[in-house]
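Structure below is final22.txt: compact mmCIF, C-alpha atoms.
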```
# COMPACT_ATOMS: atom_id res chain seq x y z
CA MET A 665 -13.50 -15.99 -56.34
CA ALA A 666 -10.27 -15.41 -54.37
CA LYS A 667 -11.50 -11.93 -53.52
CA LEU A 668 -14.76 -13.39 -52.18
CA VAL A 669 -12.91 -15.94 -50.01
CA ARG A 670 -10.64 -13.20 -48.57
CA HIS A 671 -13.67 -11.00 -47.93
CA THR A 672 -15.46 -13.84 -46.12
CA LYS A 673 -12.38 -14.57 -43.97
CA GLU A 674 -12.10 -10.90 -43.03
CA ASN A 675 -15.77 -10.86 -42.06
CA MET A 676 -15.27 -13.91 -39.86
CA GLU A 677 -12.29 -12.28 -38.12
CA ARG A 678 -14.30 -9.13 -37.56
CA ASN A 679 -17.17 -11.11 -36.10
CA LYS A 680 -14.78 -12.88 -33.73
CA MET A 681 -13.35 -9.58 -32.52
CA LYS A 682 -16.83 -8.12 -32.12
CA LYS A 683 -17.81 -11.09 -29.99
CA LEU A 684 -14.69 -10.60 -27.93
CA ILE A 685 -15.49 -6.94 -27.37
CA VAL A 686 -19.07 -7.75 -26.42
CA LEU A 687 -17.78 -10.40 -24.02
CA LEU A 688 -15.37 -7.90 -22.53
CA ALA A 689 -18.13 -5.33 -22.16
CA MET A 690 -20.22 -7.93 -20.34
CA LEU A 691 -17.34 -8.79 -18.08
CA ILE A 692 -16.58 -5.15 -17.41
CA THR A 693 -20.13 -4.35 -16.43
CA GLY A 694 -20.84 -7.65 -14.69
CA CYS A 695 -17.68 -8.45 -12.75
CA SER A 696 -16.68 -5.85 -10.21
CA THR A 697 -13.00 -6.87 -10.12
CA ILE A 698 -12.63 -6.45 -13.85
CA LYS A 699 -14.69 -3.29 -13.77
CA ASP A 700 -12.50 -1.88 -10.97
CA SER A 701 -9.37 -2.83 -12.87
CA TYR A 702 -10.57 -1.31 -16.10
CA LEU A 703 -11.77 1.90 -14.50
CA MET A 704 -8.96 2.16 -11.95
CA THR A 705 -7.52 5.55 -11.12
CA LYS A 706 -4.81 6.58 -13.52
CA PHE A 707 -1.40 7.82 -12.39
CA ASP A 708 -1.84 11.01 -10.41
CA ALA A 709 1.30 13.14 -10.10
CA ASN A 710 -0.02 14.98 -7.02
CA GLU A 711 -0.78 11.75 -5.18
CA TYR A 712 2.65 10.43 -6.11
CA GLN A 713 4.35 13.60 -4.90
CA LEU A 714 2.51 13.48 -1.57
CA ILE A 715 3.58 9.91 -0.82
CA THR A 716 7.17 10.71 -1.87
CA GLN A 717 7.19 13.66 0.53
CA ILE A 718 5.97 11.43 3.37
CA ARG A 719 8.65 8.90 2.56
CA ILE A 720 11.54 11.35 2.56
CA ASP A 721 10.38 13.29 5.63
CA SER A 722 9.91 10.16 7.70
CA ARG A 723 13.33 8.90 6.55
CA TYR A 724 15.13 12.03 7.79
CA SER A 725 12.99 12.32 10.93
CA ILE A 726 14.53 9.12 12.30
CA ASN A 727 17.74 11.10 12.93
CA ASP A 728 15.91 13.49 15.28
CA CYS A 729 14.45 10.87 17.61
CA ASP A 730 17.00 11.65 20.34
CA ASN A 731 15.82 15.25 20.45
CA PHE A 732 12.31 15.61 21.94
CA PHE A 733 11.44 18.98 20.41
CA ALA A 734 12.82 18.22 16.97
CA ALA A 735 11.09 14.82 16.95
CA LYS A 736 7.82 16.40 18.12
CA ASN A 737 8.00 18.89 15.27
CA ASP A 738 8.87 16.13 12.76
CA ALA A 739 5.98 13.98 13.98
CA ALA A 740 3.56 16.89 13.48
CA VAL A 741 4.86 17.55 9.97
CA VAL A 742 4.64 13.90 8.90
CA ALA A 743 1.19 13.46 10.48
CA LYS A 744 -0.09 16.49 8.58
CA GLU A 745 1.29 15.06 5.35
CA THR A 746 -0.27 11.64 5.88
CA GLU A 747 -3.60 13.32 6.66
CA LEU A 748 -3.32 15.38 3.48
CA PHE A 749 -2.50 12.24 1.51
CA ALA A 750 -5.54 10.39 2.92
CA LEU A 751 -7.87 13.33 2.27
CA TYR A 752 -6.51 13.76 -1.25
CA SER A 753 -7.01 10.06 -2.02
CA GLU A 754 -10.47 9.89 -0.48
CA HIS A 755 -12.60 11.23 -3.31
CA LEU A 756 -10.60 10.11 -6.32
CA PRO A 757 -12.94 7.78 -8.23
CA HIS A 758 -12.19 4.02 -8.13
CA ASN A 759 -9.44 4.60 -5.59
CA GLY A 760 -10.77 2.53 -2.67
CA ASP A 761 -7.70 0.35 -2.05
CA SER A 762 -5.33 3.29 -2.18
CA TYR A 763 -7.54 5.26 0.19
CA LYS A 764 -7.64 2.37 2.68
CA ALA A 765 -3.84 2.18 2.62
CA ALA A 766 -3.63 5.97 3.03
CA GLN A 767 -5.95 5.81 6.04
CA ALA A 768 -3.88 3.07 7.70
CA LEU A 769 -0.70 5.07 7.09
CA ASN A 770 -2.32 8.16 8.59
CA GLU A 771 -3.38 6.24 11.69
CA ILE A 772 0.21 5.11 12.25
CA ALA A 773 1.49 8.68 11.96
CA GLN A 774 -1.24 10.22 14.15
CA GLY A 775 -0.35 7.81 16.97
CA LEU A 776 3.09 9.37 17.34
CA VAL A 777 2.01 13.00 17.21
CA LYS A 778 -0.70 12.32 19.82
CA ARG A 779 1.91 11.15 22.30
CA TYR A 780 4.10 14.20 21.72
CA THR A 781 1.12 16.56 21.91
CA ALA A 782 0.00 14.98 25.19
CA GLY A 783 3.47 15.74 26.57
CA GLU A 784 4.24 12.07 27.09
CA LYS A 785 7.81 10.87 27.30
CA VAL A 786 8.42 9.11 23.99
CA SER A 787 11.26 6.62 23.88
CA THR A 788 13.87 6.94 21.16
CA GLN A 789 13.26 3.34 20.12
CA PHE A 790 9.51 3.89 19.71
CA CYS A 791 10.06 7.10 17.74
CA LYS A 792 12.48 5.33 15.39
CA LEU A 793 10.15 2.37 14.89
CA LYS A 794 7.29 4.75 14.08
CA PHE A 795 9.20 6.67 11.44
CA GLU A 796 10.68 3.46 10.02
CA GLY A 797 7.20 1.96 9.77
CA ILE A 798 5.84 5.07 8.06
CA GLU A 799 8.75 5.15 5.61
CA HIS A 800 8.43 1.45 4.81
CA SER A 801 4.68 1.70 4.22
CA ALA A 802 5.10 4.87 2.16
CA ASP A 803 7.67 3.03 0.04
CA LEU A 804 5.18 0.21 -0.65
CA ILE A 805 2.38 2.63 -1.52
CA GLN A 806 4.68 4.70 -3.73
CA THR A 807 5.69 1.59 -5.69
CA VAL A 808 2.07 0.84 -6.55
CA LEU A 809 1.10 4.44 -7.29
CA GLY A 810 4.07 4.74 -9.62
CA GLY A 811 2.95 1.63 -11.52
CA ARG A 812 -0.51 2.96 -12.28
CA PRO A 813 -1.56 3.25 -15.90
CA ARG A 814 -0.74 6.57 -17.56
CA MET B 1258 -0.19 -18.42 25.68
CA SER B 1259 3.17 -17.82 27.35
CA LEU B 1260 5.84 -15.51 26.00
CA ASP B 1261 8.06 -18.53 25.25
CA GLU B 1262 5.28 -20.07 23.16
CA ILE B 1263 4.79 -16.79 21.32
CA TYR B 1264 8.52 -16.56 20.58
CA ALA B 1265 8.54 -20.18 19.38
CA GLY B 1266 5.64 -19.35 17.04
CA LEU B 1267 7.48 -16.28 15.76
CA ASP B 1268 10.64 -18.35 15.15
CA GLN B 1269 8.55 -20.81 13.17
CA LEU B 1270 7.07 -17.99 11.10
CA ALA B 1271 10.54 -16.48 10.58
CA ASN B 1272 11.48 -19.66 8.73
CA CYS B 1273 8.26 -20.01 6.73
CA GLY B 1274 9.90 -19.08 3.41
CA ASP B 1275 7.75 -16.01 2.77
CA ASP B 1276 9.96 -12.92 3.09
CA THR B 1277 7.18 -10.56 4.12
CA PHE B 1278 5.96 -12.73 6.98
CA ALA B 1279 9.47 -13.87 7.97
CA ASN B 1280 10.64 -10.25 8.28
CA ALA B 1281 7.49 -9.27 10.17
CA ALA B 1282 7.97 -12.16 12.62
CA LYS B 1283 11.62 -11.20 13.23
CA TYR B 1284 10.62 -7.58 13.68
CA VAL B 1285 7.89 -8.46 16.20
CA LYS B 1286 10.27 -10.59 18.24
CA GLU B 1287 13.08 -8.01 18.23
CA THR B 1288 10.65 -5.26 19.23
CA SER B 1289 9.24 -7.34 22.05
CA ILE B 1290 12.73 -8.14 23.35
CA ALA B 1291 13.66 -4.45 23.16
CA ALA B 1292 10.60 -3.58 25.24
CA GLN B 1293 11.48 -6.25 27.80
CA ALA B 1294 14.94 -4.71 28.03
CA GLY B 1295 13.33 -1.39 28.97
CA GLN B 1296 13.85 0.42 25.69
CA MET B 1297 10.09 0.97 25.32
CA THR B 1298 7.08 1.17 27.61
CA ALA B 1299 4.30 -1.44 27.51
CA SER B 1300 1.99 1.13 25.95
CA GLU B 1301 4.53 1.87 23.20
CA LEU B 1302 4.99 -1.85 22.57
CA THR B 1303 1.22 -2.28 22.21
CA GLU B 1304 1.00 0.58 19.74
CA THR B 1305 3.96 -0.79 17.77
CA MET B 1306 2.21 -4.17 17.47
CA GLN B 1307 -0.98 -2.43 16.33
CA ASP B 1308 1.08 -0.52 13.76
CA ILE B 1309 2.40 -3.83 12.40
CA GLN B 1310 -1.21 -4.99 11.96
CA LYS B 1311 -1.92 -1.76 10.07
CA GLN B 1312 1.15 -2.32 7.90
CA MET B 1313 -0.17 -5.79 7.08
CA MET B 1314 -3.44 -4.18 6.00
CA ILE B 1315 -1.48 -1.80 3.80
CA ILE B 1316 0.33 -4.75 2.19
CA GLU B 1317 -3.06 -6.39 1.53
CA ASP B 1318 -4.43 -3.21 -0.10
CA ILE B 1319 -1.24 -2.81 -2.10
CA ASN B 1320 -1.48 -6.41 -3.38
CA GLN B 1321 -5.05 -5.78 -4.52
CA LEU B 1322 -3.90 -2.66 -6.36
CA GLN B 1323 -1.03 -4.51 -8.02
CA TYR B 1324 -3.39 -7.21 -9.31
CA LYS B 1325 -5.77 -4.55 -10.60
CA GLU B 1326 -2.93 -2.71 -12.33
CA HIS B 1327 -1.81 -5.92 -13.99
CA LEU B 1328 -5.35 -6.76 -15.08
CA ASN B 1329 -5.81 -3.20 -16.35
CA THR B 1330 -2.71 -3.54 -18.52
CA LEU B 1331 -4.02 -6.82 -19.96
CA ILE B 1332 -7.50 -5.42 -20.64
CA ASN B 1333 -6.00 -2.42 -22.41
CA GLY B 1334 -3.83 -4.81 -24.39
CA ILE B 1335 -6.90 -6.69 -25.62
CA ILE B 1336 -8.67 -3.45 -26.45
CA THR B 1337 -5.65 -2.27 -28.45
CA VAL B 1338 -5.46 -5.56 -30.34
CA ALA B 1339 -9.21 -5.46 -31.00
CA SER B 1340 -9.11 -1.89 -32.27
CA PHE B 1341 -6.37 -2.77 -34.75
CA ALA B 1342 -8.25 -5.84 -35.95
CA LEU B 1343 -11.53 -4.01 -36.57
```

Could you take the file, read its structure, and then write that structure out as structure tokens?
Amino acid sequence: MAKLVRHTKENMERNKMKKLIVLLAMLITGCSTIKDSYLMTKFDANEYQLITQIRIDSRYSINDCDNFFAAKNDAAVVAKETELFALYSEHLPHNGDSYKAAQALNEIAQGLVKRYTAGEKVSTQFCKLKFEGIEHSADLIQTVLGGRPR
Amino acid sequence: MSLDEIYAGLDQLANCGDDTFANAAKYVKETSIAAQAGQMTASELTETMQDIQKQMMIIEDINQLQYKEHLNTLINGIITVASFAL
């Protein structure tokens, strides 16, 4: 008799869990937020390395803002890296938010290199603000990429 | 809107209690003052302001990702619990 009661209890627990899984499956397929969260891109070491590279290069580039040619070269390097990061992120599945952030970061970086390429006089203050902005944004993005599920 | 009114609005935002917006407001004001002092051209100031808008977009995208990461952890937690129970 005790065995039967235990068996019945176990069956009830199993049924509860099955219902929960079915409910989850419904939520996953029916609610895009949950679906996106469940299927979200896992930690990608290449993506993480790219954003770290952008962060460190923009950090050290601030020191060259007084020197036109060095700053021009730095701006080109960082802009190429942000473009690479955006292109790399673009086709990773379920990576929409990260790609949007990568695009915005790339736009910020391209703005500086355009001015240098056009031969414009770029003020030291503007150059510093650009690299600071890129570094700050890269830091934010890196934090989130690093927290992705493994 | 005059520059004084804009600065007053930025001061108000700088004391709003939200660190992100307070820092952004301070940054906008300092940058604008620097441009007025001749440290930047008008065109550079405009681009800097547009960059701040882009940085706000990045923060928005990042927040979305953080929520998704958190939810993902919780969903995986439920799945783990369910797989042990079955």

Please report as a ChimeraX atom specification which residues of chain B come no farther than 12 Å from chain A, using all atoms listed in the file.
/B:1277,1281,1284-1285,1287-1292,1294-1343

Point-to-point distance from atom CA of A:Glu799 to atom CA of A:Ile718, Å rounded to tenths:
7.2 Å

Which residues, protein or nucleic acid, reach to within 8 Å of (10.5, 10.4, 10.9) in the file's coordinates when using all atoms listed in the file, and can you give that as a PyMOL selection string?
chain A and resi 721-729+735+738-739+742+791-792+794-796+798-799

Work out how far atom CA of A:Tyr752 is from atom CA of A:Asp803, in Å to one decimal.
17.8 Å

When you draw a straight line from atom CA of A:Gly783 to atom CA of A:Lys744, how long is it in Å?
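Taking atom CA of A:Gly783 as the start and atom CA of A:Lys744 as the end point, the length is 18.4 Å.
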
Stretch 775-808 of chain A rebuilt with N, CA and C atoms, output as a compact mmCIF listing (two decimals), in the coordinates of the input:
```
# COMPACT_ATOMS: atom_id res chain seq x y z
N GLY A 775 -0.65 8.41 15.66
CA GLY A 775 -0.35 7.81 16.97
C GLY A 775 0.87 8.46 17.61
N LEU A 776 1.86 8.77 16.80
CA LEU A 776 3.09 9.37 17.34
C LEU A 776 2.86 10.82 17.76
N VAL A 777 2.20 11.57 16.90
CA VAL A 777 2.01 13.00 17.21
C VAL A 777 1.11 13.17 18.44
N LYS A 778 0.18 12.25 18.64
CA LYS A 778 -0.70 12.32 19.82
C LYS A 778 0.11 12.23 21.11
N ARG A 779 1.08 11.32 21.10
CA ARG A 779 1.91 11.15 22.30
C ARG A 779 2.73 12.41 22.58
N TYR A 780 3.30 12.98 21.53
CA TYR A 780 4.10 14.20 21.72
C TYR A 780 3.21 15.35 22.17
N THR A 781 2.04 15.46 21.56
CA THR A 781 1.12 16.56 21.91
C THR A 781 0.65 16.44 23.36
N ALA A 782 0.46 15.20 23.82
CA ALA A 782 0.00 14.98 25.19
C ALA A 782 1.14 15.21 26.19
N GLY A 783 2.33 15.48 25.68
CA GLY A 783 3.47 15.74 26.57
C GLY A 783 4.06 14.49 27.17
N GLU A 784 3.71 13.34 26.58
CA GLU A 784 4.24 12.07 27.09
C GLU A 784 5.73 11.95 26.78
N LYS A 785 6.42 11.17 27.61
CA LYS A 785 7.81 10.87 27.30
C LYS A 785 7.78 9.79 26.21
N VAL A 786 8.40 10.07 25.10
CA VAL A 786 8.42 9.11 23.99
C VAL A 786 9.83 8.53 23.89
N SER A 787 9.93 7.23 23.94
CA SER A 787 11.26 6.62 23.88
C SER A 787 11.85 6.75 22.48
N THR A 788 13.17 6.82 22.44
CA THR A 788 13.87 6.94 21.16
C THR A 788 13.55 5.75 20.25
N GLN A 789 13.52 4.58 20.88
CA GLN A 789 13.26 3.34 20.12
C GLN A 789 11.87 3.39 19.46
N PHE A 790 10.88 3.82 20.22
CA PHE A 790 9.51 3.89 19.71
C PHE A 790 9.44 4.91 18.56
N CYS A 791 10.05 6.05 18.76
CA CYS A 791 10.06 7.10 17.74
C CYS A 791 10.68 6.57 16.44
N LYS A 792 11.81 5.87 16.58
CA LYS A 792 12.48 5.33 15.39
C LYS A 792 11.61 4.29 14.69
N LEU A 793 11.00 3.41 15.48
CA LEU A 793 10.15 2.37 14.89
C LEU A 793 8.97 2.99 14.15
N LYS A 794 8.43 4.07 14.72
CA LYS A 794 7.29 4.75 14.08
C LYS A 794 7.70 5.29 12.71
N PHE A 795 8.78 6.06 12.71
CA PHE A 795 9.20 6.67 11.44
C PHE A 795 9.64 5.61 10.42
N GLU A 796 10.28 4.55 10.92
CA GLU A 796 10.68 3.46 10.02
C GLU A 796 9.45 2.80 9.40
N GLY A 797 8.44 2.58 10.24
CA GLY A 797 7.20 1.96 9.77
C GLY A 797 6.50 2.83 8.74
N ILE A 798 6.49 4.14 9.00
CA ILE A 798 5.84 5.07 8.06
C ILE A 798 6.61 5.07 6.73
N GLU A 799 7.94 5.13 6.83
CA GLU A 799 8.75 5.15 5.61
C GLU A 799 8.57 3.86 4.80
N HIS A 800 8.57 2.73 5.50
CA HIS A 800 8.43 1.45 4.81
C HIS A 800 7.06 1.36 4.10
N SER A 801 6.02 1.75 4.82
CA SER A 801 4.68 1.70 4.22
C SER A 801 4.55 2.68 3.06
N ALA A 802 5.14 3.87 3.24
CA ALA A 802 5.10 4.87 2.16
C ALA A 802 5.82 4.35 0.92
N ASP A 803 6.91 3.63 1.15
CA ASP A 803 7.67 3.03 0.04
C ASP A 803 6.79 2.04 -0.75
N LEU A 804 6.07 1.20 0.00
CA LEU A 804 5.18 0.21 -0.65
C LEU A 804 4.08 0.90 -1.46
N ILE A 805 3.47 1.91 -0.85
CA ILE A 805 2.38 2.63 -1.52
C ILE A 805 2.91 3.35 -2.76
N GLN A 806 4.08 3.96 -2.61
CA GLN A 806 4.68 4.70 -3.73
C GLN A 806 4.94 3.77 -4.92
N THR A 807 5.39 2.56 -4.62
CA THR A 807 5.69 1.59 -5.69
C THR A 807 4.43 1.32 -6.53
N VAL A 808 3.32 1.15 -5.84
CA VAL A 808 2.07 0.84 -6.55
C VAL A 808 1.53 2.07 -7.28
```
